[in-house]
Amino acid sequence: MENSTEIVFVLQELYASKSNKRAYFVLTLIVYLFTIFVNMTLIWTIILDKTLHEPMFVFLCNLCVNGIFGASTFYPKILVDLSSELSVTSYEACLGQIFVIYSYTFCEFTTLAAMAYDRYVAICKPLNYHSIITHRKVVKLLLFTWLFSICESGIATSLIRRLPLCGFIIDKIYCTAWAVIKLSCVDTTINNIYGQVQPPQDQMR
């Protein structure tokens, strides 16, 4: 497959479960709407309540935004596939989903790390907390979580894009890096090495 614009992946596991698609559709829709509702509720609560305008709650708000970001990429595609006879996705859409899932995962981990740092300072250096965790420091940490996540995801996706593929069956209900890498016709050592230092992708809320 030399022309990436002509590649269409078949999502095998979702296709195999077509007899139960209606039940899966309803369940997936409920989970998606519940995820959006919970995250939006937390975000608005933190925004409207001035007593919650503290670094820890700002980071929590960032987690909620990231949760909506990830869920809105994952669940709608699943709902579309459950409404179709055949579950397929284009090459570009698959790479896009991989990029977003990586971004979501990286942002989750880096935000949790920032929250851990905030708690460390609050517990171990309580007298210096407000001089260390300043408004500027919080903004820098938030920017870091997103910029780092986007850069790392861009590298991972670029490494996958360069690979020529010899197959089109993905044994998952959505695109992951390793599922596409396994379809490659060439050596994937670079991808394997880079992948060893990445967090697992299968962590959608």
# chains A, B, ... in the order shown; residues from 1 in each chain; ligands from 1
>>> residues_around(residues="Val180 of chain A", least_positions_apart="5", cutoff="10 Å", atoms="only C-alpha atoms", output="tab-separated table (two decimals) with C-alpha atoms, in the first residue's frame")
chain	number	residue	atom	x	y	z
A	9	PHE	CA	-8.65	0.05	7.94
A	91	TYR	CA	-5.63	6.13	7.17
A	94	CYS	CA	-6.68	6.51	12.17
A	95	LEU	CA	-3.49	8.55	12.58
A	98	ILE	CA	-3.73	7.81	17.54
A	160	ILE	CA	4.06	5.63	12.34
A	161	ARG	CA	3.30	7.68	9.22
A	163	LEU	CA	5.92	3.07	7.71
A	165	LEU	CA	1.80	-1.06	5.41
A	167	GLY	CA	-2.34	-5.08	5.91
A	168	PHE	CA	-5.57	-3.32	6.79
A	169	ILE	CA	-7.19	-5.38	9.58
A	170	ILE	CA	-6.96	-3.80	13.05
A	171	ASP	CA	-7.90	-6.20	15.85
A	175	CYS	CA	-6.83	2.75	16.25
>>> closest_residue(among="A:Ser84, A:Thr134, A:Thr157, A:Thr110", to="Glu54 of chain A", atoms="only C-alpha atoms")
A:Thr134
>>> atom_distance(atom1="atom CA of Leu42 of chain A", atom2="atom CA of Val58 of chain A")
10.7 Å
>>> select_by_dssp(residues="segment 28-180 of chain A", states="helix (DSSP H, G or I)", output="ChimeraX atom specification")
/A:28-48,50-52,55-82,91-124,126-132,135-161,177-180
>>> residues_around(residues="Phe148 of chain A", least_positions_apart="5", cutoff="12 Å", atoms="only C-alpha atoms", output="PyMOL selection string")
chain A and resi 102-111+140-143+153-155
>>> closest_residue(among="A:Leu29, A:Ile36, A:Leu48, A:Val80", to="Gly67 of chain A", atoms="only C-alpha atoms")
A:Ile36
>>> closest_residue(among="A:Ile181, A:Leu86, A:Leu147, A:Val121", to="Lys21 of chain A", atoms="only C-alpha atoms")
A:Leu86
>>> select_by_dssp(residues="chain A", states="strand (DSSP E or B)", output="ChimeraX atom specification")
/A:8-11,88-90,165,169-170,184
>>> write_last_selection(atoms="C-alpha atoms", output="PDB file, in the first residue's frame")
ATOM      1  CA  VAL A   8      -8.930   2.040   4.720  1.00  0.00           C
ATOM      2  CA  PHE A   9      -8.648   0.051   7.941  1.00  0.00           C
ATOM      3  CA  VAL A  10     -11.247  -2.496   9.049  1.00  0.00           C
ATOM      4  CA  LEU A  11     -11.807  -2.485  12.813  1.00  0.00           C
ATOM      5  CA  VAL A  88     -13.898   1.138   8.837  1.00  0.00           C
ATOM      6  CA  THR A  89     -11.671   4.177   9.180  1.00  0.00           C
ATOM      7  CA  SER A  90      -9.389   6.012   6.781  1.00  0.00           C
ATOM      8  CA  LEU A 165       1.796  -1.059   5.406  1.00  0.00           C
ATOM      9  CA  ILE A 169      -7.185  -5.382   9.576  1.00  0.00           C
ATOM     10  CA  ILE A 170      -6.958  -3.803  13.048  1.00  0.00           C
ATOM     11  CA  SER A 184       4.130  -2.601   8.649  1.00  0.00           C
TER      12      SER A 184
END
>>> atom_distance(atom1="atom CA of Glu152 of chain A", atom2="atom CA of Cys61 of chain A")
22.2 Å
>>> atom_distance(atom1="atom CA of Trp178 of chain A", atom2="atom CA of Asn191 of chain A")
8.9 Å
>>> closest_residue(among="A:Ala179, A:Ala156, A:Ile101, A:Ile30", to="Phe74 of chain A", atoms="only C-alpha atoms")
A:Ile101
>>> closest_residue(among="A:Asp118, A:Ile123, A:Val139, A:Gly70", to="Gly96 of chain A", atoms="only C-alpha atoms")
A:Gly70
>>> residues_around(residues="Ile133 of chain A", least_positions_apart="2", cutoff="9 Å", atoms="only C-alpha atoms", output="compact mmCIF listing (two decimals) with C-alpha atoms, in the first residue's frame")
# COMPACT_ATOMS: atom_id res chain seq x y z
CA PRO A 55 -3.86 25.32 42.14
CA ASP A 118 1.58 20.66 44.30
CA VAL A 121 5.07 21.40 48.27
CA ALA A 122 1.90 21.84 50.37
CA ASN A 128 6.70 28.51 51.41
CA TYR A 129 3.75 27.07 49.48
CA HIS A 130 2.36 30.34 48.13
CA SER A 131 5.80 31.65 47.19
CA HIS A 135 -0.11 31.86 39.60
CA ARG A 136 2.69 32.05 37.02
CA LYS A 137 4.01 28.63 38.07
CA VAL A 138 0.54 27.09 37.67
>>> residues_around(residues="Val31 of chain A", least_positions_apart="2", cutoff="12 Å", atoms="only C-alpha atoms", output="list of chain:residue names")
A:Tyr24, A:Phe25, A:Val26, A:Leu27, A:Thr28, A:Leu29, A:Leu33, A:Phe34, A:Thr35, A:Ile36, A:Phe37, A:Val38, A:Ala71, A:Ser72, A:Phe74, A:Tyr75, A:Pro76, A:Ile78, A:Leu79, A:Met204, A:Arg205
>>> write_last_selection(atoms="N, CA, C and O atoms", output="PDB file, in the first residue's frame")
ATOM      1  N   TYR A  24     -24.815  -2.245  22.446  1.00  0.00           N
ATOM      2  CA  TYR A  24     -23.538  -1.563  22.619  1.00  0.00           C
ATOM      3  C   TYR A  24     -23.670  -0.069  22.334  1.00  0.00           C
ATOM      4  O   TYR A  24     -23.046   0.758  22.996  1.00  0.00           O
ATOM      5  N   PHE A  25     -24.491   0.266  21.337  1.00  0.00           N
ATOM      6  CA  PHE A  25     -24.688   1.666  20.974  1.00  0.00           C
ATOM      7  C   PHE A  25     -25.301   2.441  22.140  1.00  0.00           C
ATOM      8  O   PHE A  25     -24.829   3.524  22.507  1.00  0.00           O
ATOM      9  N   VAL A  26     -26.361   1.883  22.731  1.00  0.00           N
ATOM     10  CA  VAL A  26     -27.042   2.542  23.845  1.00  0.00           C
ATOM     11  C   VAL A  26     -26.102   2.682  25.043  1.00  0.00           C
ATOM     12  O   VAL A  26     -26.015   3.750  25.661  1.00  0.00           O
ATOM     13  N   LEU A  27     -25.375   1.609  25.355  1.00  0.00           N
ATOM     14  CA  LEU A  27     -24.459   1.633  26.492  1.00  0.00           C
ATOM     15  C   LEU A  27     -23.335   2.652  26.268  1.00  0.00           C
ATOM     16  O   LEU A  27     -23.003   3.436  27.174  1.00  0.00           O
ATOM     17  N   THR A  28     -22.777   2.664  25.064  1.00  0.00           N
ATOM     18  CA  THR A  28     -21.695   3.596  24.746  1.00  0.00           C
ATOM     19  C   THR A  28     -22.182   5.035  24.807  1.00  0.00           C
ATOM     20  O   THR A  28     -21.488   5.923  25.318  1.00  0.00           O
ATOM     21  N   LEU A  29     -23.381   5.293  24.303  1.00  0.00           N
ATOM     22  CA  LEU A  29     -23.949   6.647  24.333  1.00  0.00           C
ATOM     23  C   LEU A  29     -24.159   7.110  25.766  1.00  0.00           C
ATOM     24  O   LEU A  29     -23.847   8.268  26.108  1.00  0.00           O
ATOM     25  N   LEU A  33     -22.228  10.351  27.343  1.00  0.00           N
ATOM     26  CA  LEU A  33     -22.977  11.488  27.884  1.00  0.00           C
ATOM     27  C   LEU A  33     -22.695  11.680  29.373  1.00  0.00           C
ATOM     28  O   LEU A  33     -22.577  12.816  29.847  1.00  0.00           O
ATOM     29  N   PHE A  34     -22.567  10.568  30.101  1.00  0.00           N
ATOM     30  CA  PHE A  34     -22.264  10.648  31.536  1.00  0.00           C
ATOM     31  C   PHE A  34     -20.875  11.247  31.750  1.00  0.00           C
ATOM     32  O   PHE A  34     -20.677  12.081  32.650  1.00  0.00           O
ATOM     33  N   THR A  35     -19.915  10.830  30.916  1.00  0.00           N
ATOM     34  CA  THR A  35     -18.551  11.356  31.015  1.00  0.00           C
ATOM     35  C   THR A  35     -18.529  12.862  30.775  1.00  0.00           C
ATOM     36  O   THR A  35     -17.895  13.621  31.524  1.00  0.00           O
ATOM     37  N   ILE A  36     -19.232  13.305  29.731  1.00  0.00           N
ATOM     38  CA  ILE A  36     -19.298  14.732  29.430  1.00  0.00           C
ATOM     39  C   ILE A  36     -19.992  15.494  30.561  1.00  0.00           C
ATOM     40  O   ILE A  36     -19.528  16.561  30.989  1.00  0.00           O
ATOM     41  N   PHE A  37     -21.098  14.939  31.052  1.00  0.00           N
ATOM     42  CA  PHE A  37     -21.872  15.601  32.113  1.00  0.00           C
ATOM     43  C   PHE A  37     -21.037  15.767  33.381  1.00  0.00           C
ATOM     44  O   PHE A  37     -20.998  16.869  33.969  1.00  0.00           O
ATOM     45  N   VAL A  38     -20.379  14.710  33.816  1.00  0.00           N
ATOM     46  CA  VAL A  38     -19.585  14.762  35.047  1.00  0.00           C
ATOM     47  C   VAL A  38     -18.446  15.765  34.918  1.00  0.00           C
ATOM     48  O   VAL A  38     -18.222  16.599  35.812  1.00  0.00           O
ATOM     49  N   ALA A  71     -12.578  11.770  25.408  1.00  0.00           N
ATOM     50  CA  ALA A  71     -13.858  11.090  25.203  1.00  0.00           C
ATOM     51  C   ALA A  71     -14.523  11.515  23.899  1.00  0.00           C
ATOM     52  O   ALA A  71     -15.149  10.695  23.208  1.00  0.00           O
ATOM     53  N   SER A  72     -14.379  12.775  23.540  1.00  0.00           N
ATOM     54  CA  SER A  72     -15.029  13.290  22.329  1.00  0.00           C
ATOM     55  C   SER A  72     -14.344  12.815  21.053  1.00  0.00           C
ATOM     56  O   SER A  72     -14.893  12.964  19.958  1.00  0.00           O
ATOM     57  N   PHE A  74     -12.905   9.546  21.122  1.00  0.00           N
ATOM     58  CA  PHE A  74     -13.068   8.096  21.194  1.00  0.00           C
ATOM     59  C   PHE A  74     -14.512   7.651  20.974  1.00  0.00           C
ATOM     60  O   PHE A  74     -14.806   6.867  20.062  1.00  0.00           O
ATOM     61  N   TYR A  75     -15.434   8.148  21.768  1.00  0.00           N
ATOM     62  CA  TYR A  75     -16.801   7.632  21.753  1.00  0.00           C
ATOM     63  C   TYR A  75     -17.606   7.952  20.491  1.00  0.00           C
ATOM     64  O   TYR A  75     -18.313   7.066  19.988  1.00  0.00           O
ATOM     65  N   PRO A  76     -17.577   9.176  19.954  1.00  0.00           N
ATOM     66  CA  PRO A  76     -18.370   9.446  18.747  1.00  0.00           C
ATOM     67  C   PRO A  76     -18.027   8.518  17.583  1.00  0.00           C
ATOM     68  O   PRO A  76     -18.928   8.079  16.846  1.00  0.00           O
ATOM     69  N   ILE A  78     -16.882   5.467  17.819  1.00  0.00           N
ATOM     70  CA  ILE A  78     -17.449   4.163  18.157  1.00  0.00           C
ATOM     71  C   ILE A  78     -18.950   4.145  17.872  1.00  0.00           C
ATOM     72  O   ILE A  78     -19.485   3.171  17.332  1.00  0.00           O
ATOM     73  N   LEU A  79     -19.631   5.231  18.196  1.00  0.00           N
ATOM     74  CA  LEU A  79     -21.072   5.319  17.951  1.00  0.00           C
ATOM     75  C   LEU A  79     -21.380   5.264  16.457  1.00  0.00           C
ATOM     76  O   LEU A  79     -22.349   4.611  16.028  1.00  0.00           O
ATOM     77  N   MET A 204      -8.624   4.992  28.069  1.00  0.00           N
ATOM     78  CA  MET A 204      -9.706   5.964  27.897  1.00  0.00           C
ATOM     79  C   MET A 204     -10.659   5.848  29.084  1.00  0.00           C
ATOM     80  O   MET A 204     -10.968   4.781  29.563  1.00  0.00           O
ATOM     81  N   ARG A 205     -11.151   6.975  29.550  1.00  0.00           N
ATOM     82  CA  ARG A 205     -12.062   6.963  30.701  1.00  0.00           C
ATOM     83  C   ARG A 205     -13.396   6.342  30.294  1.00  0.00           C
ATOM     84  O   ARG A 205     -13.911   6.596  29.242  1.00  0.00           O
TER      85      ARG A 205
END
>>> decode(residues="segment 93-139 of chain A", atoms="N, CA and C atoms", output="compact mmCIF listing (two decimals), in the first residue's frame")
# COMPACT_ATOMS: atom_id res chain seq x y z
N ALA A 93 -7.66 9.40 9.34
CA ALA A 93 -8.49 9.42 10.54
C ALA A 93 -7.90 8.54 11.63
N CYS A 94 -7.31 7.42 11.21
CA CYS A 94 -6.68 6.51 12.17
C CYS A 94 -5.48 7.18 12.83
N LEU A 95 -4.64 7.84 12.02
CA LEU A 95 -3.49 8.55 12.58
C LEU A 95 -3.95 9.68 13.50
N GLY A 96 -5.02 10.35 13.11
CA GLY A 96 -5.56 11.42 13.94
C GLY A 96 -6.03 10.90 15.29
N GLN A 97 -6.67 9.74 15.28
CA GLN A 97 -7.13 9.16 16.54
C GLN A 97 -5.95 8.74 17.41
N ILE A 98 -4.93 8.19 16.80
CA ILE A 98 -3.73 7.81 17.54
C ILE A 98 -3.09 9.05 18.19
N PHE A 99 -3.01 10.13 17.41
CA PHE A 99 -2.43 11.38 17.93
C PHE A 99 -3.21 11.88 19.15
N VAL A 100 -4.53 11.88 19.05
CA VAL A 100 -5.35 12.40 20.14
C VAL A 100 -5.29 11.49 21.37
N ILE A 101 -5.29 10.18 21.15
CA ILE A 101 -5.22 9.25 22.28
C ILE A 101 -3.89 9.39 23.00
N TYR A 102 -2.80 9.53 22.23
CA TYR A 102 -1.50 9.76 22.84
C TYR A 102 -1.51 11.08 23.63
N SER A 103 -2.06 12.14 23.02
CA SER A 103 -2.11 13.44 23.68
C SER A 103 -2.90 13.35 24.97
N TYR A 104 -4.04 12.68 24.90
CA TYR A 104 -4.88 12.50 26.08
C TYR A 104 -4.12 11.79 27.20
N THR A 105 -3.43 10.71 26.83
CA THR A 105 -2.72 9.91 27.83
C THR A 105 -1.56 10.69 28.44
N PHE A 106 -0.76 11.35 27.59
CA PHE A 106 0.36 12.14 28.10
C PHE A 106 -0.14 13.27 29.00
N CYS A 107 -1.19 13.96 28.58
CA CYS A 107 -1.73 15.06 29.36
C CYS A 107 -2.24 14.57 30.72
N GLU A 108 -2.83 13.39 30.72
CA GLU A 108 -3.32 12.80 31.97
C GLU A 108 -2.17 12.58 32.95
N PHE A 109 -1.10 11.96 32.45
CA PHE A 109 0.04 11.65 33.31
C PHE A 109 0.75 12.91 33.79
N THR A 110 0.98 13.88 32.88
CA THR A 110 1.70 15.09 33.27
C THR A 110 0.88 15.95 34.23
N THR A 111 -0.45 15.97 34.05
CA THR A 111 -1.29 16.72 34.97
C THR A 111 -1.28 16.08 36.36
N LEU A 112 -1.33 14.77 36.41
CA LEU A 112 -1.25 14.07 37.69
C LEU A 112 0.10 14.32 38.36
N ALA A 113 1.15 14.40 37.55
CA ALA A 113 2.48 14.70 38.10
C ALA A 113 2.50 16.12 38.68
N ALA A 114 1.86 17.06 37.99
CA ALA A 114 1.79 18.44 38.50
C ALA A 114 1.00 18.49 39.80
N MET A 115 -0.08 17.72 39.88
CA MET A 115 -0.87 17.66 41.12
C MET A 115 -0.06 17.06 42.26
N ALA A 116 0.75 16.03 41.94
CA ALA A 116 1.59 15.42 42.96
C ALA A 116 2.64 16.42 43.46
N TYR A 117 3.19 17.21 42.54
CA TYR A 117 4.17 18.23 42.91
C TYR A 117 3.52 19.28 43.82
N ASP A 118 2.30 19.68 43.48
CA ASP A 118 1.58 20.66 44.30
C ASP A 118 1.37 20.14 45.71
N ARG A 119 0.96 18.86 45.83
CA ARG A 119 0.75 18.28 47.16
C ARG A 119 2.06 18.12 47.92
N TYR A 120 3.13 17.81 47.20
CA TYR A 120 4.45 17.68 47.85
C TYR A 120 4.85 19.00 48.50
N VAL A 121 4.70 20.08 47.75
CA VAL A 121 5.07 21.40 48.27
C VAL A 121 4.16 21.78 49.45
N ALA A 122 2.86 21.49 49.32
CA ALA A 122 1.90 21.84 50.37
C ALA A 122 2.19 21.10 51.68
N ILE A 123 2.65 19.85 51.56
CA ILE A 123 2.88 19.03 52.76
C ILE A 123 4.28 19.25 53.33
N CYS A 124 5.28 19.29 52.45
CA CYS A 124 6.67 19.36 52.91
C CYS A 124 7.18 20.78 53.12
N LYS A 125 6.58 21.74 52.41
CA LYS A 125 7.02 23.13 52.55
C LYS A 125 5.81 24.06 52.69
N PRO A 126 5.00 23.83 53.72
CA PRO A 126 3.75 24.60 53.85
C PRO A 126 3.95 26.11 54.01
N LEU A 127 5.03 26.51 54.66
CA LEU A 127 5.26 27.95 54.88
C LEU A 127 5.67 28.66 53.60
N ASN A 128 6.24 27.91 52.67
CA ASN A 128 6.70 28.51 51.41
C ASN A 128 5.77 28.17 50.24
N TYR A 129 4.63 27.56 50.55
CA TYR A 129 3.75 27.07 49.48
C TYR A 129 3.36 28.18 48.50
N HIS A 130 2.87 29.29 49.01
CA HIS A 130 2.36 30.34 48.13
C HIS A 130 3.48 31.09 47.39
N SER A 131 4.68 31.02 47.90
CA SER A 131 5.80 31.65 47.19
C SER A 131 6.36 30.73 46.11
N ILE A 132 6.12 29.42 46.26
CA ILE A 132 6.59 28.44 45.27
C ILE A 132 5.53 28.18 44.20
N ILE A 133 4.31 27.86 44.64
CA ILE A 133 3.21 27.58 43.71
C ILE A 133 2.47 28.89 43.44
N THR A 134 3.06 29.71 42.61
CA THR A 134 2.46 30.99 42.24
C THR A 134 1.53 30.83 41.05
N HIS A 135 0.79 31.89 40.76
CA HIS A 135 -0.11 31.86 39.60
C HIS A 135 0.69 31.61 38.32
N ARG A 136 1.85 32.25 38.22
CA ARG A 136 2.69 32.05 37.02
C ARG A 136 3.18 30.62 36.92
N LYS A 137 3.54 30.01 38.06
CA LYS A 137 4.01 28.63 38.07
C LYS A 137 2.90 27.69 37.62
N VAL A 138 1.68 27.93 38.07
CA VAL A 138 0.54 27.09 37.67
C VAL A 138 0.31 27.19 36.17
N VAL A 139 0.37 28.40 35.63
CA VAL A 139 0.18 28.59 34.18
C VAL A 139 1.27 27.85 33.40
